[in-house]
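Asker: Have a peek at start_32.cif (mmCIF, C-alpha atoms and all ligand atoms).
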```cif
data_work
#
loop_
_atom_site.label_atom_id
_atom_site.label_comp_id
_atom_site.auth_asym_id
_atom_site.auth_seq_id
_atom_site.Cartn_x
_atom_site.Cartn_y
_atom_site.Cartn_z
CA MET D 25 50.21 49.23 135.90
CA GLN D 26 51.33 52.73 134.96
CA PHE D 27 49.95 54.67 131.99
CA ASN D 28 51.00 58.14 133.12
CA GLY D 29 51.95 60.16 130.04
CA LYS D 30 50.76 57.39 127.68
CA LYS D 31 48.26 58.12 124.93
CA GLY D 32 46.41 55.91 122.52
CA LEU D 33 43.35 54.81 120.61
CA ILE D 34 40.54 52.48 121.67
CA LEU D 35 38.54 51.11 118.72
CA GLY D 36 35.42 49.05 119.42
CA VAL D 37 33.40 50.43 122.32
CA ALA D 38 29.69 49.92 121.59
CA ASN D 39 28.37 50.12 125.16
CA ASP D 40 29.34 49.57 128.79
CA HIS D 41 29.52 45.78 128.26
CA SER D 42 32.12 46.06 125.47
CA ILE D 43 35.48 44.44 126.16
CA ALA D 44 37.11 47.58 124.75
CA TRP D 45 35.44 49.63 127.49
CA ALA D 46 36.66 47.22 130.20
CA ILE D 47 40.23 47.67 128.90
CA ALA D 48 39.93 51.44 128.43
CA LYS D 49 38.72 51.94 132.01
CA GLN D 50 41.81 50.16 133.35
CA ILE D 51 44.07 52.34 131.19
CA MET D 52 42.39 55.62 132.12
CA ASP D 53 42.31 54.71 135.81
CA ALA D 54 46.08 54.15 135.56
CA GLY D 55 46.61 57.63 134.08
CA GLY D 56 46.48 56.92 130.33
CA GLN D 57 44.72 59.21 127.85
CA CYS D 58 42.42 57.61 125.27
CA GLY D 59 40.76 58.62 122.02
CA PHE D 60 37.58 56.67 121.21
CA THR D 61 35.50 55.80 118.15
CA HIS D 62 31.87 54.82 117.67
CA LEU D 63 30.03 53.27 114.75
CA PRO D 64 28.71 56.10 112.52
CA ASP D 65 25.03 56.92 113.01
CA ARG D 66 22.64 56.77 110.09
CA PRO D 67 22.02 60.31 108.73
CA ASP D 68 18.30 59.96 109.56
CA ASP D 69 19.01 59.02 113.20
CA GLU D 70 18.55 62.40 114.83
CA ARG D 71 19.17 60.93 118.26
CA GLN D 72 22.62 59.68 117.20
CA ARG D 73 22.18 56.53 119.21
CA ASN D 74 25.56 54.96 118.44
CA ARG D 75 27.44 58.08 119.46
CA ARG D 76 25.28 58.65 122.52
CA ARG D 77 25.78 55.13 123.86
CA VAL D 78 29.55 55.69 123.87
CA SER D 79 29.58 59.37 124.88
CA GLN D 80 27.49 58.52 127.97
CA LEU D 81 30.53 56.51 129.08
CA THR D 82 33.41 58.68 127.87
CA ASP D 83 31.90 62.00 129.06
CA LYS D 84 32.51 60.89 132.65
CA TYR D 85 36.26 60.47 132.11
CA GLU D 86 38.63 63.41 131.93
CA ASN D 87 41.19 61.14 130.26
CA ALA D 88 38.80 60.35 127.39
CA LYS D 89 40.08 62.98 125.00
CA PHE D 90 37.93 62.61 121.87
CA LEU D 91 35.18 60.55 120.31
CA VAL D 92 34.90 60.28 116.51
CA PRO D 93 32.92 58.05 114.14
CA LEU D 94 34.59 55.03 112.53
CA ASP D 95 33.35 52.55 110.00
CA ALA D 96 36.52 50.48 109.79
CA GLN D 97 35.53 49.27 106.30
CA ASP D 98 36.05 52.84 105.08
CA ASP D 99 39.70 53.84 104.50
CA GLY D 100 38.77 57.55 104.61
CA ASN D 101 37.24 57.06 108.07
CA ILE D 102 40.40 55.31 109.29
CA ARG D 103 42.54 58.18 107.97
CA THR D 104 40.40 60.74 109.78
CA VAL D 105 40.58 58.84 113.08
CA PHE D 106 44.37 58.67 112.98
CA GLU D 107 44.65 62.31 111.85
CA THR D 108 42.54 63.26 114.87
CA ALA D 109 44.83 61.19 117.12
CA ALA D 110 47.90 62.92 115.62
CA GLU D 111 46.36 66.38 116.16
CA GLU D 112 45.31 65.61 119.73
CA PHE D 113 48.23 63.49 120.92
CA GLY D 114 51.11 63.99 118.46
CA LYS D 115 52.40 60.44 118.84
CA ILE D 116 50.53 57.47 120.32
CA ASP D 117 51.73 54.64 122.59
CA PHE D 118 48.94 52.08 122.27
CA LEU D 119 46.18 50.94 119.93
CA LEU D 120 43.35 48.57 120.84
CA HIS D 121 41.50 46.91 117.95
CA SER D 122 38.38 45.30 119.42
CA ILE D 123 36.25 45.01 116.28
CA ALA D 124 34.45 42.06 114.70
CA PHE D 125 31.32 41.53 112.67
CA ALA D 126 29.57 38.74 110.77
CA ASP D 127 26.09 38.66 109.35
CA ARG D 128 23.76 36.84 111.75
CA ASN D 129 22.55 34.60 108.91
CA ASP D 130 26.08 33.43 108.27
CA LEU D 131 26.81 32.89 111.97
CA ALA D 132 23.65 30.82 112.26
CA ARG D 133 24.48 28.65 109.24
CA ASP D 134 26.68 25.58 109.27
CA THR D 135 30.10 26.71 108.05
CA VAL D 136 29.66 24.64 104.89
CA TYR D 137 26.85 26.99 103.79
CA THR D 138 28.68 30.29 104.44
CA SER D 139 27.86 32.77 101.67
CA ARG D 140 30.64 34.34 99.60
CA GLU D 141 29.47 37.86 100.45
CA GLY D 142 29.11 36.99 104.15
CA PHE D 143 32.61 35.51 104.22
CA LYS D 144 34.11 38.62 102.59
CA LEU D 145 32.24 40.94 104.96
CA ALA D 146 33.27 39.02 108.09
CA MET D 147 36.92 38.82 107.00
CA ASP D 148 37.05 42.48 105.99
CA VAL D 149 35.63 43.82 109.26
CA SER D 150 37.14 41.27 111.63
CA VAL D 151 40.61 40.78 110.10
CA TYR D 152 41.60 43.26 107.39
CA THR D 153 40.76 46.22 109.61
CA LEU D 154 43.60 45.21 111.95
CA ILE D 155 46.02 45.49 109.02
CA ALA D 156 44.57 48.83 107.90
CA CYS D 157 44.64 50.31 111.41
CA THR D 158 48.17 49.04 112.10
CA ALA D 159 49.36 50.66 108.85
CA ALA D 160 47.79 53.95 109.94
CA ALA D 161 49.24 53.64 113.44
CA LYS D 162 52.74 52.90 112.07
CA GLU D 163 53.12 56.56 111.10
CA ILE D 164 52.35 57.98 114.54
CA MET D 165 53.42 55.30 117.02
CA ASN D 166 56.23 55.83 119.51
CA PRO D 167 58.97 53.19 119.78
CA GLY D 168 57.94 50.84 122.60
CA GLY D 169 54.31 51.16 121.51
CA SER D 170 51.84 48.30 121.71
CA ILE D 171 48.98 47.12 119.51
CA ALA D 172 46.44 44.55 120.73
CA THR D 173 43.45 42.85 119.17
CA MET D 174 40.74 40.54 120.53
CA THR D 175 40.54 36.93 119.44
CA TYR D 176 38.80 33.70 120.47
CA PHE D 177 39.74 30.02 120.83
CA GLY D 178 37.31 29.17 117.98
CA GLY D 179 40.15 30.18 115.65
CA GLU D 180 42.42 27.45 117.06
CA LYS D 181 39.96 24.57 117.33
CA CYS D 182 36.50 23.87 115.94
CA VAL D 183 33.89 25.40 118.25
CA PRO D 184 30.53 24.45 116.68
CA GLY D 185 28.30 27.50 116.39
CA TYR D 186 31.21 29.95 116.08
CA ASN D 187 31.38 29.01 112.39
CA VAL D 188 32.60 31.72 110.00
CA MET D 189 33.90 33.81 112.90
CA GLY D 190 36.22 30.93 113.84
CA ILE D 191 37.79 31.16 110.40
CA CYS D 192 38.15 34.93 110.87
CA LYS D 193 39.86 34.47 114.24
CA ALA D 194 42.31 31.94 112.75
CA ALA D 195 43.19 34.54 110.11
CA LEU D 196 43.38 37.25 112.77
CA ASP D 197 45.82 35.16 114.86
CA ALA D 198 48.05 34.69 111.81
CA THR D 199 47.78 38.40 111.02
CA VAL D 200 49.03 39.21 114.53
CA ARG D 201 52.18 37.15 113.93
CA TYR D 202 52.94 38.78 110.56
CA LEU D 203 52.24 42.29 111.82
CA ALA D 204 54.41 41.63 114.89
CA TYR D 205 57.27 40.85 112.50
CA ASP D 206 56.65 43.98 110.40
CA MET D 207 56.35 46.33 113.36
CA GLY D 208 59.25 44.85 115.33
CA PRO D 209 62.01 47.00 113.78
CA GLN D 210 60.34 50.19 115.05
CA GLY D 211 60.02 48.71 118.52
CA VAL D 212 56.24 48.22 118.32
CA ARG D 213 54.63 45.02 119.61
CA VAL D 214 51.49 43.31 118.24
CA ASN D 215 49.55 40.77 120.32
CA ALA D 216 46.10 39.25 120.72
CA LEU D 217 44.11 38.59 123.83
CA SER D 218 42.01 35.43 123.58
CA ALA D 219 39.11 35.90 125.99
CA GLY D 220 36.75 33.26 127.30
CA PRO D 221 33.07 34.03 126.77
CA VAL D 222 31.79 37.30 128.25
CA ARG D 223 28.33 38.82 127.79
CA THR D 224 28.51 41.56 125.15
CA LEU D 225 26.60 42.49 121.99
CA ALA D 226 29.01 40.63 119.69
CA GLY D 227 29.29 37.80 122.21
CA ARG D 228 25.55 37.22 122.21
CA ALA D 229 25.53 36.98 118.41
CA ALA D 230 28.36 34.42 118.55
CA GLY D 231 26.60 32.10 121.04
CA VAL D 232 28.16 33.15 124.35
CA GLU D 233 25.30 31.89 126.54
CA GLU D 234 25.93 28.21 125.77
CA MET D 235 29.68 28.65 126.09
CA LEU D 236 29.40 30.19 129.56
CA THR D 237 27.93 26.94 130.92
CA LEU D 238 30.56 24.84 129.17
CA TYR D 239 33.44 26.90 130.54
CA GLU D 240 32.07 26.78 134.04
CA HIS D 241 32.28 22.98 133.95
CA MET D 242 35.38 22.47 131.83
CA ALA D 243 37.86 25.27 132.55
CA PRO D 244 40.54 24.32 135.10
CA LEU D 245 39.46 27.28 137.24
CA GLY D 246 35.87 25.98 137.17
CA ARG D 247 34.39 29.39 136.41
CA ASN D 248 34.03 32.05 133.78
CA VAL D 249 36.19 35.15 133.50
CA SER D 250 34.91 38.63 134.31
CA HIS D 251 34.96 41.80 132.21
CA GLU D 252 37.43 43.20 134.76
CA GLU D 253 39.85 40.28 134.35
CA VAL D 254 39.79 40.66 130.57
CA GLY D 255 40.18 44.44 131.03
CA ARG D 256 43.25 44.11 133.23
CA THR D 257 45.00 41.66 130.88
CA GLY D 258 44.17 43.85 127.87
CA ALA D 259 45.67 46.84 129.65
CA PHE D 260 48.71 44.73 130.57
CA LEU D 261 49.31 43.89 126.90
CA LEU D 262 49.06 47.58 126.00
CA SER D 263 51.36 48.67 128.83
CA ASP D 264 55.14 48.71 129.24
CA ASN D 265 54.78 45.77 131.67
CA SER D 266 54.51 43.41 128.67
CA GLU D 267 57.50 44.98 126.90
CA GLY D 268 59.13 41.67 125.88
CA ILE D 269 55.95 40.11 124.44
CA SER D 270 55.07 40.23 120.73
CA GLY D 271 53.28 37.93 118.26
CA GLU D 272 51.55 36.29 121.23
CA ILE D 273 48.00 34.96 121.68
CA LEU D 274 47.39 35.37 125.40
CA HIS D 275 44.44 33.39 126.80
CA VAL D 276 42.26 34.80 129.57
CA ASP D 277 39.79 31.95 129.79
CA GLY D 278 40.28 30.24 133.14
CA GLY D 279 42.59 27.77 131.38
CA TYR D 280 39.88 26.29 129.09
CA HIS D 281 42.21 26.26 126.05
CA ALA D 282 44.62 23.91 127.86
CA MET D 283 42.07 21.10 128.18
CA GLY D 284 42.27 18.03 125.95
CA SER D 285 39.22 16.30 127.42
CA PRO D 286 35.97 17.51 129.05
CA GLY D 287 37.64 16.91 132.44
CA ARG D 288 35.27 17.42 135.38
CA LEU D 289 32.36 17.74 132.97
CA LEU D 290 32.88 14.08 132.10
CA GLU D 291 32.64 13.12 135.79
CA LYS D 292 29.43 15.12 135.99
CA LEU D 293 28.00 13.34 132.95
CA LYS D 294 28.91 9.96 134.42
CA SER D 295 27.17 10.75 137.68
N1 LIG F 301 32.37 38.61 124.05
C1 LIG F 301 33.14 37.54 123.99
O1 LIG F 301 32.83 36.50 124.59
C2 LIG F 301 34.44 37.57 123.22
C3 LIG F 301 35.37 36.55 123.43
C4 LIG F 301 36.57 36.58 122.71
C5 LIG F 301 36.80 37.60 121.79
N2 LIG F 301 35.86 38.57 121.60
C6 LIG F 301 36.14 39.63 120.62
O2 LIG F 301 36.20 40.86 121.28
C7 LIG F 301 36.02 41.90 120.33
C8 LIG F 301 35.04 42.92 120.88
O3 LIG F 301 33.75 42.34 120.99
P1 LIG F 301 32.84 42.49 122.29
O4 LIG F 301 32.55 41.11 122.76
O5 LIG F 301 33.38 43.50 123.21
O6 LIG F 301 31.44 43.00 121.66
P2 LIG F 301 30.97 44.49 121.22
O7 LIG F 301 29.77 44.26 120.38
O8 LIG F 301 30.83 45.33 122.42
O9 LIG F 301 32.19 45.03 120.35
C9 LIG F 301 32.31 44.80 118.96
C10 LIG F 301 32.66 46.13 118.37
O10 LIG F 301 32.93 46.02 116.96
C11 LIG F 301 32.49 47.24 116.39
N3 LIG F 301 32.35 47.14 114.94
C12 LIG F 301 31.65 46.22 114.22
N4 LIG F 301 31.74 46.54 112.91
C13 LIG F 301 32.49 47.66 112.82
C14 LIG F 301 32.94 48.48 111.74
N5 LIG F 301 32.62 48.21 110.45
N6 LIG F 301 33.69 49.56 112.01
C15 LIG F 301 34.03 49.87 113.28
N7 LIG F 301 33.65 49.14 114.35
C16 LIG F 301 32.89 48.05 114.11
C17 LIG F 301 31.15 47.48 117.08
O11 LIG F 301 30.73 48.82 116.92
C18 LIG F 301 31.51 47.15 118.51
O12 LIG F 301 31.98 48.29 119.18
C19 LIG F 301 35.56 41.20 119.04
O13 LIG F 301 36.67 41.04 118.19
C20 LIG F 301 35.10 39.85 119.55
O14 LIG F 301 35.16 38.84 118.55
C21 LIG F 301 34.70 38.57 122.30
#
```
What is this file in structure tokens?
Ligand SMILES: NC(=O)c1ccc[n+]([C@@H]2O[C@H](COP(=O)([O-])OP(=O)(O)OC[C@H]3O[C@@H](n4cnc5c(N)ncnc54)[C@H](O)[C@@H]3O)[C@@H](O)[C@H]2O)c1
Answerer:
Amino acid sequence: MQFNGKKGLILGVANDHSIAWAIAKQIMDAGGQCGFTHLPDRPDDERQRNRRRVSQLTDKYENAKFLVPLDAQDDGNIRTVFETAAEEFGKIDFLLHSIAFADRNDLARDTVYTSREGFKLAMDVSVYTLIACTAAAKEIMNPGGSIATMTYFGGEKCVPGYNVMGICKAALDATVRYLAYDMGPQGVRVNALSAGPVRTLAGRAAGVEEMLTLYEHMAPLGRNVSHEEVGRTGAFLLSDNSEGISGEILHVDGGYHAMGSPGRLLEKLKS
């Protein structure tokens, strides 16, 4: 994979376990230059913990060109991030949107009891922000550019426990298809990577631990996927190597999504 001369934005690194970081490392190791964002710190947090957690990672990389705060629910913040990218890079070639959030109380509730406010919050952060960021990127993206977001199988089928986030991912998948259509005429692709469970902050909140066991027994490959595997496929989607692919939901889950029965797990239960 070659990223020499390519520049872009990575949204959604919280710490070294973040999927966005796994993807960014692949890109920077292949010569790409990245601008990063972090969740804004509270004004009374003198230690700037959110920023520090990300800068500890990016400071070590020459190809990490800037780090600015982003609350993706704030249109002014989004504008500033893309203005910074335009000042630093001129045009960009890739954009990674790796952002999701739902209130823990709503994630823990049966879907039937999802609150109106919780639903709006989860949809705004986890879905609308892809639209807002794509609109901002449209102005500064080179033809041949690539936009990718992170989704999960719980948007295609009912995965008990994933609850309101499953509804968000279904909406996100549909958003990818409509944005792919809109961005096509300027030669920009929009895709989603559907990862199997990996241990991250957001993953823990969405019940990753239980899913890891399930995947190990049910996925055709009989194992879980690694951060590195997800990182490489994410970088692939953002690179020229995937130039003919748009509107796609690409699964990196050991094949779990292809199963229509518990497979070897059933044999295990029988025995
Ligand atoms: N971990 C998994 O098993 C898994 C599987 C499939 C898909 N995903 C998806 O991958 C993406 C990244 O999650 P992750 O697992 O790397 O966890 P993570 O917690 O490292 O990343 C989530 C990111 O979203 C950011 N975020 C939340 N609200 C925000 C806001 N208002 N403004 C800006 N940023 C905000 C957080 O700061 C964080 O960087 C999410 O969309 C998640 O649903 C995760």
Asker: Determine the nearest neighbour of ligand LIG 301 (chain F) from the options D:Ala259, D:Ala88, D:Leu238, D:Leu225, counting all atoms listed in the file.
Answerer: D:Leu225
Asker: Considering all atoms listed in the file, state which residue in the set D:Gly59, D:Gly284, D:Phe113, D:Ala161 is at the smallest distance from D:Asp83.
Answerer: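 Using all atoms listed in the file, D:Asp83 sits closest to D:Gly59.
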Asker: Enumerate residues in contact with ligand LIG 301 (chain F): an atom-to-atom distance of at most 8 Å, counting all atoms listed in the file. Format the result as a PyMOL selection string.
Answerer: chain D and resi 35-45+61-63+94-98+121-125+149-150+173-177+189+193+217-228+230+232
Asker: Using C-alpha atoms, can you write the selected residues to a file as a tab-separated table (two decimals), in the coordinates of the input?
Answerer:
```tsv
chain	number	residue	atom	x	y	z
D	35	LEU	CA	38.54	51.11	118.72
D	36	GLY	CA	35.42	49.05	119.42
D	37	VAL	CA	33.40	50.43	122.32
D	38	ALA	CA	29.69	49.92	121.59
D	39	ASN	CA	28.37	50.12	125.16
D	40	ASP	CA	29.34	49.57	128.79
D	41	HIS	CA	29.52	45.78	128.26
D	42	SER	CA	32.12	46.06	125.47
D	43	ILE	CA	35.48	44.44	126.16
D	44	ALA	CA	37.11	47.58	124.75
D	45	TRP	CA	35.44	49.63	127.49
D	61	THR	CA	35.50	55.80	118.15
D	62	HIS	CA	31.87	54.82	117.67
D	63	LEU	CA	30.03	53.27	114.75
D	94	LEU	CA	34.59	55.03	112.53
D	95	ASP	CA	33.35	52.55	110.00
D	96	ALA	CA	36.52	50.48	109.79
D	97	GLN	CA	35.53	49.27	106.30
D	98	ASP	CA	36.05	52.84	105.08
D	121	HIS	CA	41.50	46.91	117.95
D	122	SER	CA	38.38	45.30	119.42
D	123	ILE	CA	36.25	45.01	116.28
D	124	ALA	CA	34.45	42.06	114.70
D	125	PHE	CA	31.32	41.53	112.67
D	149	VAL	CA	35.63	43.82	109.26
D	150	SER	CA	37.14	41.27	111.63
D	173	THR	CA	43.45	42.85	119.17
D	174	MET	CA	40.74	40.54	120.53
D	175	THR	CA	40.54	36.93	119.44
D	176	TYR	CA	38.80	33.70	120.47
D	177	PHE	CA	39.74	30.02	120.83
D	189	MET	CA	33.90	33.81	112.90
D	193	LYS	CA	39.86	34.47	114.24
D	217	LEU	CA	44.11	38.59	123.83
D	218	SER	CA	42.01	35.43	123.58
D	219	ALA	CA	39.11	35.90	125.99
D	220	GLY	CA	36.75	33.26	127.30
D	221	PRO	CA	33.07	34.03	126.77
D	222	VAL	CA	31.79	37.30	128.25
D	223	ARG	CA	28.33	38.82	127.79
D	224	THR	CA	28.51	41.56	125.15
D	225	LEU	CA	26.60	42.49	121.99
D	226	ALA	CA	29.01	40.63	119.69
D	227	GLY	CA	29.29	37.80	122.21
D	228	ARG	CA	25.55	37.22	122.21
D	230	ALA	CA	28.36	34.42	118.55
D	232	VAL	CA	28.16	33.15	124.35
```
Asker: When you count only C-alpha atoms, which of these residues is closest to D:Lys30: D:Arg77, D:Arg103, D:Arg71, D:Lys115?
Answerer: D:Lys115
Asker: Would you list the contacts of stretch 204-215 of chain D as an MDAnalysis selection string, taking every protein, DNA or RNA residue within 12 Å and counting all atoms listed in the file, but skipping same-chain residues closer than 4 positions in sequence?
Answerer: chainID D and resid 116:121 154:155 157:175 196:200 257:264 266:275
Asker: Using Å and a single decimal, report how far atom CA of D:Met283 sits from atom CA of D:Val249.
Answerer: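 So the answer is 16.1 Å.
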Asker: Please compute the atom CA of D:Asp134-atom CA of D:Val151 distance, one decimal, in Å.
Answerer: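 So the two atoms, atom CA of D:Asp134 and atom CA of D:Val151, lie 20.6 Å apart.
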Asker: Please enclose the listed atoms of stretch 242-260 of chain D in an axis-aligned box, pad each side by 6 Å, and write out the centre and the three edge lengths in Å, rounded to one decimal, as lines of an AutoDock Vina configuration file.
Answerer:
```
center_x = 41.4
center_y = 34.7
center_z = 132.6
size_x = 26.7
size_y = 36.4
size_z = 21.4
```
Asker: Would you work out the distance separating atom CA of D:Glu291 from atom CA of D:Gly178, expressed in Å to one decimal?
Answerer: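 Between these atoms lies a distance of 24.4 Å.
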